[in-house]
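Quick look at start-v5.cif (mmCIF, C-alpha atoms and all ligand atoms):
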data_final
loop_
_atom_site.label_atom_id
_atom_site.label_comp_id
_atom_site.auth_asym_id
_atom_site.auth_seq_id
_atom_site.Cartn_x
_atom_site.Cartn_y
_atom_site.Cartn_z
CA MET L 12 41.27 -20.75 -68.62
CA PHE L 13 37.94 -22.42 -68.13
CA THR L 14 36.36 -24.32 -70.99
CA GLN L 15 32.99 -25.85 -71.75
CA ASP L 16 34.73 -29.17 -71.21
CA ASP L 17 35.66 -28.15 -67.66
CA LEU L 18 32.06 -27.22 -66.97
CA ALA L 19 30.89 -30.57 -68.34
CA PHE L 20 33.43 -32.42 -66.16
CA ASP L 21 32.27 -30.47 -63.11
CA ARG L 22 28.68 -31.36 -63.86
CA GLN L 23 29.43 -35.06 -64.20
CA HIS L 24 31.93 -35.61 -61.43
CA ILE L 25 31.88 -32.95 -58.72
CA TRP L 26 29.37 -32.45 -55.97
CA HIS L 27 28.55 -28.90 -54.89
CA PRO L 28 26.81 -28.06 -51.59
CA TYR L 29 23.45 -29.82 -51.35
CA THR L 30 23.32 -30.91 -54.97
CA SER L 31 22.63 -34.06 -56.90
CA LEU L 32 24.98 -35.47 -59.50
CA HIS L 33 21.91 -36.81 -61.27
CA ASP L 34 20.71 -33.59 -62.87
CA PRO L 35 22.36 -30.64 -61.14
CA LEU L 36 21.42 -26.99 -61.62
CA PRO L 37 24.01 -24.99 -63.55
CA CYS L 38 27.16 -23.68 -61.84
CA TYR L 39 28.83 -20.40 -62.71
CA PRO L 40 32.59 -20.46 -63.31
CA ILE L 41 34.40 -17.80 -61.26
CA VAL L 42 38.07 -17.27 -62.08
CA ALA L 43 39.01 -14.33 -59.86
CA ALA L 44 37.62 -12.15 -57.11
CA GLN L 45 38.66 -8.65 -56.11
CA GLY L 46 37.22 -6.31 -53.51
CA CYS L 47 33.45 -6.87 -53.59
CA GLU L 48 33.33 -8.39 -57.06
CA LEU L 49 33.54 -11.89 -58.47
CA GLN L 50 34.81 -12.33 -62.02
CA LEU L 51 33.14 -14.83 -64.31
CA ALA L 52 35.19 -16.87 -66.80
CA ASP L 53 33.67 -14.84 -69.64
CA GLY L 54 35.03 -11.63 -68.11
CA ARG L 55 31.82 -10.26 -66.58
CA HIS L 56 31.94 -8.97 -63.00
CA LEU L 57 29.33 -9.65 -60.33
CA VAL L 58 28.81 -7.58 -57.19
CA ASP L 59 28.99 -10.01 -54.27
CA GLY L 60 26.01 -10.05 -51.92
CA MET L 61 26.99 -13.21 -50.02
CA SER L 62 30.53 -12.73 -48.65
CA SER L 63 30.97 -16.39 -49.63
CA TRP L 64 28.55 -17.42 -46.87
CA TRP L 65 29.36 -14.88 -44.12
CA ALA L 66 33.12 -15.24 -44.54
CA ALA L 67 34.72 -12.62 -46.82
CA ILE L 68 34.05 -9.62 -44.57
CA HIS L 69 37.00 -7.56 -45.86
CA GLY L 70 36.32 -8.34 -49.53
CA TYR L 71 38.38 -10.58 -51.80
CA ASN L 72 42.06 -10.58 -52.67
CA HIS L 73 42.87 -8.25 -49.79
CA PRO L 74 46.53 -7.20 -49.96
CA ARG L 75 47.09 -7.48 -46.21
CA LEU L 76 45.52 -10.92 -45.97
CA ASN L 77 47.53 -12.07 -48.99
CA GLN L 78 50.70 -10.72 -47.47
CA ALA L 79 50.07 -12.46 -44.16
CA MET L 80 49.69 -15.77 -46.01
CA GLN L 81 52.76 -15.19 -48.18
CA GLN L 82 54.87 -14.34 -45.18
CA GLN L 83 53.71 -17.39 -43.25
CA MET L 84 54.22 -19.58 -46.32
CA SER L 85 57.84 -18.48 -46.53
CA GLN L 86 58.32 -19.80 -42.94
CA MET L 87 56.12 -22.92 -43.03
CA SER L 88 52.65 -23.64 -44.36
CA HIS L 89 51.96 -26.39 -41.91
CA VAL L 90 53.42 -28.31 -39.04
CA MET L 91 51.69 -30.78 -36.70
CA PHE L 92 50.24 -29.28 -33.50
CA GLY L 93 50.86 -32.38 -31.37
CA GLY L 94 53.82 -31.59 -29.15
CA ILE L 95 54.61 -28.51 -31.24
CA THR L 96 53.47 -24.91 -31.03
CA HIS L 97 54.20 -21.95 -33.31
CA PRO L 98 53.98 -18.14 -33.33
CA ALA L 99 50.92 -17.94 -35.62
CA ALA L 100 48.71 -20.05 -33.33
CA VAL L 101 49.84 -18.26 -30.18
CA ALA L 102 49.29 -14.82 -31.73
CA LEU L 103 45.81 -15.77 -32.96
CA CYS L 104 44.72 -17.31 -29.66
CA ARG L 105 45.98 -14.27 -27.75
CA GLN L 106 43.76 -12.10 -29.96
CA LEU L 107 40.76 -14.41 -29.58
CA VAL L 108 41.09 -14.51 -25.80
CA ALA L 109 41.45 -10.71 -25.69
CA MET L 110 38.47 -9.90 -27.91
CA THR L 111 35.95 -12.36 -26.39
CA PRO L 112 34.46 -12.09 -22.88
CA GLN L 113 36.99 -12.37 -20.08
CA THR L 114 35.87 -15.77 -18.80
CA LEU L 115 36.47 -17.43 -22.19
CA GLU L 116 40.19 -18.05 -22.01
CA CYS L 117 40.84 -21.58 -23.30
CA VAL L 118 40.94 -22.14 -27.07
CA PHE L 119 40.60 -25.23 -29.27
CA LEU L 120 41.45 -24.69 -32.95
CA ALA L 121 39.87 -26.92 -35.59
CA ASP L 122 39.21 -27.11 -39.31
CA SER L 123 35.67 -25.91 -39.88
CA GLY L 124 32.51 -24.67 -38.24
CA SER L 125 30.90 -28.08 -38.03
CA ILE L 126 33.97 -29.43 -36.25
CA ALA L 127 33.90 -26.49 -33.81
CA VAL L 128 30.34 -27.59 -32.98
CA GLU L 129 31.42 -31.23 -32.59
CA VAL L 130 34.20 -30.05 -30.30
CA SER L 131 31.82 -27.90 -28.23
CA MET L 132 29.41 -30.82 -27.72
CA LYS L 133 32.25 -33.15 -26.83
CA MET L 134 33.57 -30.54 -24.35
CA ALA L 135 30.17 -30.37 -22.69
CA MET L 136 29.88 -34.16 -22.43
CA GLN L 137 33.42 -34.51 -21.08
CA TYR L 138 32.78 -31.71 -18.60
CA TRP L 139 30.01 -33.80 -17.08
CA LEU L 140 32.18 -36.92 -17.10
CA GLY L 141 34.73 -34.86 -15.18
CA ARG L 142 32.01 -34.19 -12.62
CA GLY L 143 31.23 -37.89 -12.38
CA GLU L 144 28.02 -37.76 -14.40
CA THR L 145 27.07 -39.14 -17.79
CA ARG L 146 25.07 -36.54 -19.70
CA GLN L 147 24.53 -37.10 -23.40
CA GLN L 148 21.49 -34.99 -24.21
CA PHE L 149 21.38 -31.48 -25.60
CA LEU L 150 18.62 -28.89 -25.61
CA THR L 151 18.37 -26.68 -28.66
CA LEU L 152 15.90 -24.64 -30.72
CA GLN L 153 13.81 -25.54 -33.71
CA ARG L 154 14.88 -23.73 -36.89
CA GLY L 155 18.52 -23.88 -35.78
CA TYR L 156 21.53 -24.75 -37.92
CA HIS L 157 24.85 -25.98 -36.57
CA GLY L 158 26.57 -27.78 -39.43
CA ASP L 159 26.47 -30.97 -41.47
CA THR L 160 28.51 -33.53 -39.50
CA PHE L 161 26.42 -36.00 -37.52
CA ALA L 162 26.59 -34.55 -34.01
CA ALA L 163 26.07 -31.04 -35.41
CA MET L 164 23.22 -32.28 -37.59
CA SER L 165 21.54 -33.90 -34.58
CA VAL L 166 20.96 -30.41 -33.14
CA CYS L 167 19.87 -28.81 -36.44
CA ASP L 168 16.19 -28.22 -37.16
CA PRO L 169 14.72 -31.73 -37.59
CA GLN L 170 12.79 -30.82 -40.75
CA ASN L 171 15.43 -28.71 -42.48
CA SER L 172 18.14 -31.29 -41.97
CA MET L 173 15.92 -34.26 -42.71
CA HIS L 174 16.32 -36.12 -39.42
CA SER L 175 13.87 -38.64 -40.85
CA LEU L 176 16.65 -39.87 -43.18
CA TRP L 177 18.84 -40.82 -40.21
CA ARG L 178 16.22 -42.23 -37.86
CA GLY L 179 17.79 -44.81 -35.58
CA PHE L 180 21.27 -43.41 -36.17
CA LEU L 181 21.13 -39.78 -35.06
CA PRO L 182 21.02 -39.24 -31.31
CA GLN L 183 17.72 -37.73 -30.14
CA HIS L 184 17.91 -34.35 -28.47
CA HIS L 185 15.35 -31.86 -27.14
CA PHE L 186 13.98 -29.14 -29.41
CA ALA L 187 12.26 -26.10 -27.95
CA ASP L 188 9.87 -24.09 -30.12
CA ALA L 189 11.78 -21.52 -32.14
CA PRO L 190 11.61 -18.00 -30.68
CA GLU L 191 8.69 -16.02 -32.12
CA CYS L 192 9.29 -12.56 -30.64
CA ARG L 193 11.34 -10.68 -33.15
CA PHE L 194 14.39 -8.54 -32.58
CA GLY L 195 13.35 -4.92 -32.09
CA GLU L 196 9.70 -5.74 -31.33
CA ALA L 197 7.80 -6.24 -28.08
CA TRP L 198 8.78 -9.08 -25.74
CA ASP L 199 6.14 -11.59 -24.71
CA GLU L 200 7.09 -13.72 -21.66
CA ARG L 201 5.28 -16.71 -23.16
CA ASP L 202 7.94 -17.01 -25.85
CA ILE L 203 10.24 -18.83 -23.42
CA ASN L 204 7.58 -21.24 -22.11
CA ASP L 205 8.43 -24.24 -24.23
CA PHE L 206 12.15 -23.87 -23.56
CA ALA L 207 11.45 -23.47 -19.83
CA ARG L 208 9.26 -26.59 -19.79
CA LEU L 209 11.96 -28.70 -21.48
CA ILE L 210 14.83 -27.57 -19.29
CA GLU L 211 12.75 -27.99 -16.11
CA GLN L 212 11.78 -31.50 -17.16
CA HIS L 213 15.10 -32.80 -18.46
CA HIS L 214 17.88 -30.71 -16.90
CA SER L 215 19.42 -33.61 -15.00
CA GLN L 216 20.25 -35.35 -18.31
CA ILE L 217 21.11 -32.27 -20.36
CA ALA L 218 24.82 -31.61 -20.91
CA ALA L 219 24.30 -28.23 -22.55
CA VAL L 220 21.97 -25.91 -24.36
CA ILE L 221 23.28 -25.13 -27.83
CA LEU L 222 21.90 -22.30 -29.93
CA GLU L 223 22.70 -19.55 -32.40
CA PRO L 224 22.45 -16.27 -30.47
CA ILE L 225 19.95 -13.71 -31.90
CA VAL L 226 20.30 -14.77 -35.56
CA GLN L 227 19.03 -18.17 -36.66
CA GLY L 228 20.91 -18.36 -39.94
CA ALA L 229 20.67 -21.24 -42.42
CA GLY L 230 17.55 -22.52 -40.64
CA GLY L 231 15.47 -19.54 -41.74
CA MET L 232 17.36 -16.24 -41.35
CA ARG L 233 15.32 -15.20 -38.30
CA PHE L 234 16.27 -12.48 -35.79
CA TYR L 235 14.88 -13.08 -32.31
CA HIS L 236 14.42 -11.06 -29.14
CA PRO L 237 17.44 -10.61 -26.83
CA ARG L 238 15.18 -11.32 -23.81
CA TYR L 239 14.84 -14.89 -25.09
CA LEU L 240 18.61 -15.32 -24.94
CA GLN L 241 18.81 -13.66 -21.51
CA GLN L 242 16.17 -16.05 -20.20
CA VAL L 243 18.03 -19.03 -21.66
CA ARG L 244 21.16 -17.89 -19.79
CA GLU L 245 19.13 -17.53 -16.57
CA TYR L 246 17.61 -21.00 -16.91
CA CYS L 247 21.02 -22.53 -17.64
CA ASP L 248 22.38 -20.87 -14.49
CA ARG L 249 19.40 -21.96 -12.41
CA TYR L 250 19.75 -25.61 -13.45
CA GLY L 251 23.54 -25.74 -13.78
CA VAL L 252 23.42 -26.57 -17.49
CA LEU L 253 26.20 -25.32 -19.82
CA LEU L 254 25.37 -22.85 -22.59
CA ILE L 255 27.05 -23.20 -26.00
CA ALA L 256 26.75 -20.15 -28.28
CA ASP L 257 27.29 -21.00 -31.93
CA GLU L 258 28.54 -17.67 -33.32
CA ILE L 259 30.02 -19.24 -36.43
CA ALA L 260 27.78 -17.06 -38.62
CA THR L 261 27.27 -14.06 -36.32
CA GLY L 262 30.79 -13.63 -34.95
CA PHE L 263 33.02 -10.71 -35.91
CA GLY L 264 30.47 -7.94 -36.33
CA ARG L 265 27.87 -9.28 -38.75
CA SER L 266 24.85 -8.62 -36.48
CA GLY L 267 25.99 -5.11 -35.54
CA LYS L 268 27.81 -6.22 -32.36
CA LEU L 269 31.22 -7.86 -32.41
CA PHE L 270 29.45 -10.99 -31.09
CA ALA L 271 25.67 -11.45 -31.17
CA CYS L 272 25.60 -12.47 -27.46
CA GLU L 273 26.34 -8.80 -26.71
CA HIS L 274 22.81 -7.87 -27.85
CA ALA L 275 21.60 -9.72 -24.74
CA ASP L 276 24.62 -8.90 -22.61
CA ILE L 277 25.22 -12.57 -21.80
CA VAL L 278 28.32 -14.74 -21.85
CA PRO L 279 28.20 -18.41 -22.89
CA ASP L 280 30.25 -21.19 -21.30
CA ILE L 281 31.43 -22.35 -24.71
CA LEU L 282 31.70 -20.23 -27.85
CA CYS L 283 32.04 -21.53 -31.43
CA LEU L 284 33.67 -19.31 -34.07
CA GLY L 285 34.38 -19.91 -37.75
CA LYS L 286 33.34 -18.49 -41.13
CA ALA L 287 34.66 -14.87 -40.99
CA LEU L 288 37.55 -15.91 -38.71
CA THR L 289 40.07 -15.94 -41.59
CA GLY L 290 38.36 -13.15 -43.54
CA GLY L 291 37.08 -15.74 -46.00
CA THR L 292 40.47 -17.03 -47.09
CA MET L 293 41.01 -20.41 -45.44
CA THR L 294 39.02 -22.89 -43.41
CA LEU L 295 39.55 -22.56 -39.65
CA SER L 296 37.42 -22.56 -36.53
CA ALA L 297 37.88 -21.96 -32.83
CA THR L 298 35.98 -23.20 -29.78
CA LEU L 299 36.57 -21.17 -26.63
CA THR L 300 35.63 -22.07 -23.10
CA THR L 301 36.21 -21.20 -19.46
CA ARG L 302 39.05 -22.34 -17.21
CA ASP L 303 36.49 -24.20 -15.09
CA VAL L 304 35.18 -26.24 -18.05
CA ALA L 305 38.74 -26.95 -19.24
CA GLU L 306 39.89 -28.09 -15.81
CA THR L 307 36.81 -30.22 -15.21
CA ILE L 308 37.37 -31.95 -18.58
CA GLY L 309 40.88 -32.75 -17.34
CA ARG L 310 39.36 -34.64 -14.40
CA SER L 311 37.38 -36.99 -16.67
CA ALA L 312 38.66 -40.58 -16.94
CA ALA L 313 40.39 -39.75 -20.24
CA GLY L 314 42.49 -37.18 -18.36
CA CYS L 315 42.56 -35.01 -21.45
CA PHE L 316 40.27 -33.53 -24.07
CA MET L 317 39.74 -36.27 -26.66
CA HIS L 318 40.13 -34.41 -29.94
CA GLY L 319 43.06 -33.52 -32.20
CA PRO L 320 42.66 -33.07 -35.94
CA THR L 321 45.60 -33.53 -38.31
CA PHE L 322 45.52 -29.92 -39.46
CA MET L 323 44.86 -28.46 -36.02
CA GLY L 324 46.26 -24.95 -35.67
CA ASN L 325 47.33 -24.84 -39.33
CA PRO L 326 49.91 -22.00 -39.40
CA LEU L 327 48.75 -20.55 -42.72
CA ALA L 328 45.15 -20.34 -41.54
CA CYS L 329 46.19 -18.95 -38.13
CA ALA L 330 48.40 -16.29 -39.70
CA VAL L 331 45.70 -15.03 -42.02
CA ALA L 332 43.07 -15.19 -39.24
CA SER L 333 45.35 -13.11 -37.07
CA GLU L 334 45.69 -10.48 -39.79
CA SER L 335 41.94 -10.52 -40.44
CA LEU L 336 41.25 -9.86 -36.75
CA ALA L 337 43.85 -7.08 -36.75
CA LEU L 338 42.12 -5.50 -39.75
CA LEU L 339 38.79 -5.82 -37.99
CA GLN L 340 40.04 -4.23 -34.81
CA GLU L 341 41.85 -1.31 -36.36
CA GLY L 342 39.19 -0.85 -38.99
CA HIS L 343 35.76 0.56 -39.07
CA TRP L 344 33.54 -2.53 -39.00
CA SER L 345 31.11 -0.98 -36.59
CA SER L 346 30.45 2.10 -38.71
CA GLN L 347 30.55 0.02 -41.92
CA VAL L 348 27.98 -2.44 -40.60
CA ALA L 349 25.80 0.41 -39.30
CA ARG L 350 25.94 2.10 -42.70
CA ILE L 351 25.03 -1.15 -44.50
CA GLU L 352 22.19 -1.72 -42.03
CA GLN L 353 20.78 1.76 -42.71
CA GLN L 354 20.99 1.33 -46.47
CA LEU L 355 19.41 -2.15 -46.30
CA ARG L 356 16.56 -0.66 -44.26
CA ASP L 357 16.11 2.22 -46.67
CA GLU L 358 16.13 0.04 -49.78
CA LEU L 359 14.64 -3.30 -48.68
CA LEU L 360 11.95 -2.37 -46.12
CA PRO L 361 9.76 -0.63 -48.77
CA LEU L 362 9.54 -4.03 -50.54
CA ARG L 363 7.31 -5.18 -47.66
CA ASP L 364 4.30 -3.91 -49.58
CA HIS L 365 5.10 -5.94 -52.69
CA PRO L 366 2.51 -8.67 -53.39
CA GLN L 367 5.27 -11.29 -53.83
CA VAL L 368 6.73 -10.50 -50.39
CA ALA L 369 5.78 -12.13 -47.08
CA ASP L 370 8.32 -10.31 -44.91
CA VAL L 371 11.43 -8.13 -44.96
CA ARG L 372 13.88 -7.97 -42.06
CA VAL L 373 17.25 -6.35 -41.50
CA LEU L 374 19.80 -6.70 -38.70
CA GLY L 375 23.36 -5.45 -38.91
CA ALA L 376 24.80 -6.29 -42.31
CA ILE L 377 22.10 -8.91 -42.99
CA GLY L 378 19.06 -8.15 -45.15
CA VAL L 379 16.34 -10.74 -45.79
CA VAL L 380 13.43 -10.64 -48.22
CA GLU L 381 11.09 -13.56 -47.62
CA SER L 382 8.88 -14.26 -50.59
CA ARG L 383 5.42 -15.82 -50.45
CA THR L 384 6.46 -18.73 -52.65
CA PRO L 385 9.81 -20.47 -53.18
CA VAL L 386 12.14 -19.08 -55.81
CA GLU L 387 12.72 -20.90 -59.10
CA MET L 388 16.36 -21.49 -58.28
CA ALA L 389 17.90 -21.89 -61.75
CA ALA L 390 15.88 -19.03 -63.22
CA ILE L 391 16.50 -16.53 -60.42
CA GLN L 392 20.19 -17.40 -60.24
CA GLN L 393 20.56 -16.73 -63.96
CA TYR L 394 18.54 -13.55 -63.60
CA PHE L 395 20.79 -12.19 -60.85
CA VAL L 396 23.91 -13.02 -62.88
CA GLU L 397 22.43 -11.14 -65.85
CA GLN L 398 21.86 -8.19 -63.50
CA GLY L 399 25.55 -8.28 -62.56
CA VAL L 400 25.07 -9.47 -58.97
CA TRP L 401 25.82 -12.64 -57.00
CA ILE L 402 22.88 -13.46 -54.75
CA ARG L 403 22.12 -17.07 -53.80
CA PRO L 404 18.61 -17.51 -52.38
CA PHE L 405 17.27 -20.65 -50.73
CA GLY L 406 13.62 -21.65 -50.57
CA ARG L 407 11.60 -18.51 -49.93
CA LEU L 408 14.58 -16.52 -48.68
CA ILE L 409 16.46 -13.97 -50.76
CA TYR L 410 19.09 -12.47 -48.55
CA LEU L 411 22.15 -10.24 -48.56
CA MET L 412 25.18 -10.31 -46.31
CA PRO L 413 27.76 -8.31 -48.26
CA PRO L 414 31.41 -7.69 -47.35
CA TYR L 415 31.66 -4.85 -44.81
CA VAL L 416 33.67 -2.79 -47.32
CA ILE L 417 30.93 -2.74 -49.95
CA ALA L 418 30.41 0.70 -51.54
CA PRO L 419 26.92 2.25 -51.31
CA ALA L 420 26.54 2.12 -55.11
CA GLN L 421 27.38 -1.60 -55.14
CA LEU L 422 24.92 -2.31 -52.34
CA ALA L 423 22.29 -0.33 -54.24
CA GLN L 424 22.89 -2.62 -57.23
CA LEU L 425 22.17 -5.65 -55.03
CA THR L 426 18.98 -4.29 -53.51
CA ALA L 427 17.74 -3.02 -56.90
CA ALA L 428 18.27 -6.48 -58.42
CA ILE L 429 16.11 -8.01 -55.67
CA GLY L 430 13.40 -5.38 -56.19
CA LYS L 431 13.34 -6.07 -59.91
CA ALA L 432 13.30 -9.84 -59.45
CA LEU L 433 10.13 -9.56 -57.37
CA ASP L 434 8.34 -8.04 -60.37
CA ASN L 435 9.10 -11.12 -62.46
CA PRO L 436 6.64 -13.94 -61.68
CA ALA L 437 8.65 -16.44 -63.75
CA LEU L 438 11.34 -16.35 -61.03
CA PHE L 439 8.98 -17.72 -58.38
CA ARG L 440 6.90 -20.85 -58.06
CA ALA L 441 3.18 -20.29 -58.28
C1 LIG Y 1 27.99 -22.41 -41.33
C2 LIG Y 1 27.62 -22.72 -39.94
C3 LIG Y 1 28.12 -23.88 -39.29
C4 LIG Y 1 28.98 -24.90 -40.00
O1 LIG Y 1 30.19 -24.38 -40.42
P1 LIG Y 1 31.01 -25.13 -41.61
O2 LIG Y 1 32.28 -24.36 -41.69
O3 LIG Y 1 30.14 -25.02 -42.83
O4 LIG Y 1 31.19 -26.53 -41.18
C5 LIG Y 1 27.76 -24.09 -37.97
N1 LIG Y 1 26.97 -23.22 -37.32
C6 LIG Y 1 26.47 -22.11 -37.90
C7 LIG Y 1 25.62 -21.18 -37.12
C8 LIG Y 1 26.77 -21.83 -39.23
O5 LIG Y 1 26.26 -20.74 -39.81
#

Render the structure in this file as structure tokens.
Amino acid sequence: MFTQDDLAFDRQHIWHPYTSLHDPLPCYPIVAAQGCELQLADGRHLVDGMSSWWAAIHGYNHPRLNQAMQQQMSQMSHVMFGGITHPAAVALCRQLVAMTPQTLECVFLADSGSIAVEVSMKMAMQYWLGRGETRQQFLTLQRGYHGDTFAAMSVCDPQNSMHSLWRGFLPQHHFADAPECRFGEAWDERDINDFARLIEQHHSQIAAVILEPIVQGAGGMRFYHPRYLQQVREYCDRYGVLLIADEIATGFGRSGKLFACEHADIVPDILCLGKALTGGTMTLSATLTTRDVAETIGRSAAGCFMHGPTFMGNPLACAVASESLALLQEGHWSSQVARIEQQLRDELLPLRDHPQVADVRVLGAIGVVESRTPVEMAAIQQYFVEQGVWIRPFGRLIYLMPPYVIAPAQLAQLTAAIGKALDNPALFRA
């Protein structure tokens, strides 16, 4: 049961992502979720266009994921990972090592995407310590997003993550111009110039380049040219700088490849995974690296990698992640994502001509409609709920990333709701 009193308590006492407790926008009470639908407390059902932020790729309340958790729970929900190992962690890491590029064979499990990024940056810094050098700078791209903890935030887009708020506290890193050449369009060599200039100038202090391959997600939902990523890999090789690929959003098929790095046929030195890792059931992340990086870290003065969260390798999360990866590998993600991509193209690209629309872009199971003016958040959210869909825009971006198992009729409901919203000027700022 969910009462008006519960809603009032929520409003007064509980923060939601990026909200104020001063005068928050309304929240919608969800009491159950099944397949590709969320159920509101009043009984209405909403078709889910968000996969709970890239995570619920198999849909909600999946019997096999539930069973994996129940079975693990009957053995043990948690046990410390210090000095102890367990079947769920070993099974999951075996799968991760097998499904990622061959050179990535060492795995660090942590609690969330942001922590995977922290771990990757710490790995890079300790790698250089192991080589007898102190390197504490990173090179990244404008418009990037890597999480909300401080080290992760220091490599997020400076405007989007309000670096001005933390001036004097956040470490200063190098930001190359965001890629301009779009995925699927012509490549212009000049796109890499700013990145090339920065790495040439500063490589002797740079521990690693960190970026989101191909899809810049929360920093603007932009899809960039694979040549850019190939060139980054070449520059990293030329100057001996490590490359960290943050595939927390793109991993596990979302962009149309199992990992977005495959679009450019490159392999990073460190790979961050999260979000869809547990099929949207529990929080878990993994950072993978090469034997060389792992062994070099071991030669640093610490003699070990200096990280170890309390809930590291949580058995429940590992067991459900393992089952989610099994589902992915025996399933039809590649044809499902291709089908979603085609339908998103068919139904969203015609909106390009709408006067409210600045741009429409589609890659894999991601569809983005960029409006000319920012949405009126409370109004458009309510509108979508009235249309029976769950779509959560930000700024000028209305986007879809549905579960891979979404039915064509459900996806059509999502795209139709966006089309109709565009015709309603009250849902957008002037
Ligand atoms: C969501 C995201 C993160 C942060 O993950 P959390 O689990 O929210 O901490 C980091 N990098 C990218 C690319 C993401 O999309």

| task | Grab me every residue within 9 Å of ligand LIG 1 (chain Y), counting all atoms listed in the file, and send it over as a PyMOL selection string. | result | chain L and resi 64-65+122-128+155-160+163+222-224+226-230+256-261+283-286+294-296

| query | Could you state the separation of CA of Ser63 in chain L and CA of Ala328 in chain L in Å, given to one decimal place? | reply | 16.8 Å

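Counting all atoms listed in the file, the residue from L:Phe206, L:Phe270, L:Phe92, L:Tyr138 that sits nearest to Thr151 in chain L is L:Phe206.
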
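Rounded to one decimal, CA of Val400 in chain L and CA of His365 in chain L lie 21.2 Å from each other.
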
| query | Quick one: residues within 7 Å of range 435-440 of chain L, all atoms listed in the file counted, chain neighbours fewer than 2 positions away excluded, as a PyMOL selection string? | reply | chain L and resi 384-387+390-391+432-433

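Between CA of Gln398 in chain L and CA of His56 in chain L there is a distance of 10.1 Å.
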
| said: Using only C-alpha atoms, list the residues that have an atom at most 9 Å from (38.7, -19.3, -33.0), coordinates as in the file, as a PyMOL selection string. | reply: chain L and resi 103-104+107-108+118-121+127+282-285+288+295-299+332

Store the residues of this selection in a file with C-alpha atoms, as a short mmCIF file (atom, residue, chain, number, x, y, z; two decimals), in the coordinates of the input.
data_model
loop_
_atom_site.label_atom_id
_atom_site.label_comp_id
_atom_site.auth_asym_id
_atom_site.auth_seq_id
_atom_site.Cartn_x
_atom_site.Cartn_y
_atom_site.Cartn_z
CA LEU L 103 45.81 -15.77 -32.96
CA CYS L 104 44.72 -17.31 -29.66
CA LEU L 107 40.76 -14.41 -29.58
CA VAL L 108 41.09 -14.51 -25.80
CA VAL L 118 40.94 -22.14 -27.07
CA PHE L 119 40.60 -25.23 -29.27
CA LEU L 120 41.45 -24.69 -32.95
CA ALA L 121 39.87 -26.92 -35.59
CA ALA L 127 33.90 -26.49 -33.81
CA LEU L 282 31.70 -20.23 -27.85
CA CYS L 283 32.04 -21.53 -31.43
CA LEU L 284 33.67 -19.31 -34.07
CA GLY L 285 34.38 -19.91 -37.75
CA LEU L 288 37.55 -15.91 -38.71
CA LEU L 295 39.55 -22.56 -39.65
CA SER L 296 37.42 -22.56 -36.53
CA ALA L 297 37.88 -21.96 -32.83
CA THR L 298 35.98 -23.20 -29.78
CA LEU L 299 36.57 -21.17 -26.63
CA ALA L 332 43.07 -15.19 -39.24
#

| message | If we draw a sphere of 12 Å around (47.8, -15.7, -42.7), which residues have at least one atom in it when counting all atoms listed in the file? Please report them as number ranges by chain. | response | L: 73-89, 98-100, 102-103, 288-295, 324-337

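Nearest residue to Arg238 in chain L among L:Asp59, L:Glu191, L:Glu352, L:Asp364 is L:Glu191, counting all atoms listed in the file.
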
Can you put N, CA, C and O atoms back into range 267-273 of chain L and show it as a short mmCIF file (atom, residue, chain, number, x, y, z; two decimals), in the coordinates of the input?
data_model
loop_
_atom_site.label_atom_id
_atom_site.label_comp_id
_atom_site.auth_asym_id
_atom_site.auth_seq_id
_atom_site.Cartn_x
_atom_site.Cartn_y
_atom_site.Cartn_z
N GLY L 267 25.95 -6.48 -36.05
CA GLY L 267 25.99 -5.11 -35.54
C GLY L 267 26.75 -5.01 -34.22
O GLY L 267 27.13 -3.92 -33.80
N LYS L 268 26.92 -6.13 -33.54
CA LYS L 268 27.81 -6.22 -32.36
C LYS L 268 28.96 -7.13 -32.75
O LYS L 268 28.79 -7.99 -33.63
N LEU L 269 30.09 -7.00 -32.06
CA LEU L 269 31.22 -7.86 -32.41
C LEU L 269 30.79 -9.34 -32.31
O LEU L 269 31.06 -10.14 -33.20
N PHE L 270 30.05 -9.67 -31.23
CA PHE L 270 29.45 -10.99 -31.09
C PHE L 270 27.97 -10.80 -30.75
O PHE L 270 27.61 -9.89 -29.99
N ALA L 271 27.11 -11.65 -31.32
CA ALA L 271 25.67 -11.45 -31.17
C ALA L 271 25.21 -11.57 -29.72
O ALA L 271 24.22 -10.97 -29.32
N CYS L 272 25.95 -12.35 -28.89
CA CYS L 272 25.60 -12.47 -27.46
C CYS L 272 25.55 -11.10 -26.78
O CYS L 272 24.84 -10.92 -25.80
N GLU L 273 26.32 -10.14 -27.32
CA GLU L 273 26.34 -8.80 -26.71
C GLU L 273 24.99 -8.10 -26.80
O GLU L 273 24.69 -7.23 -25.98
#
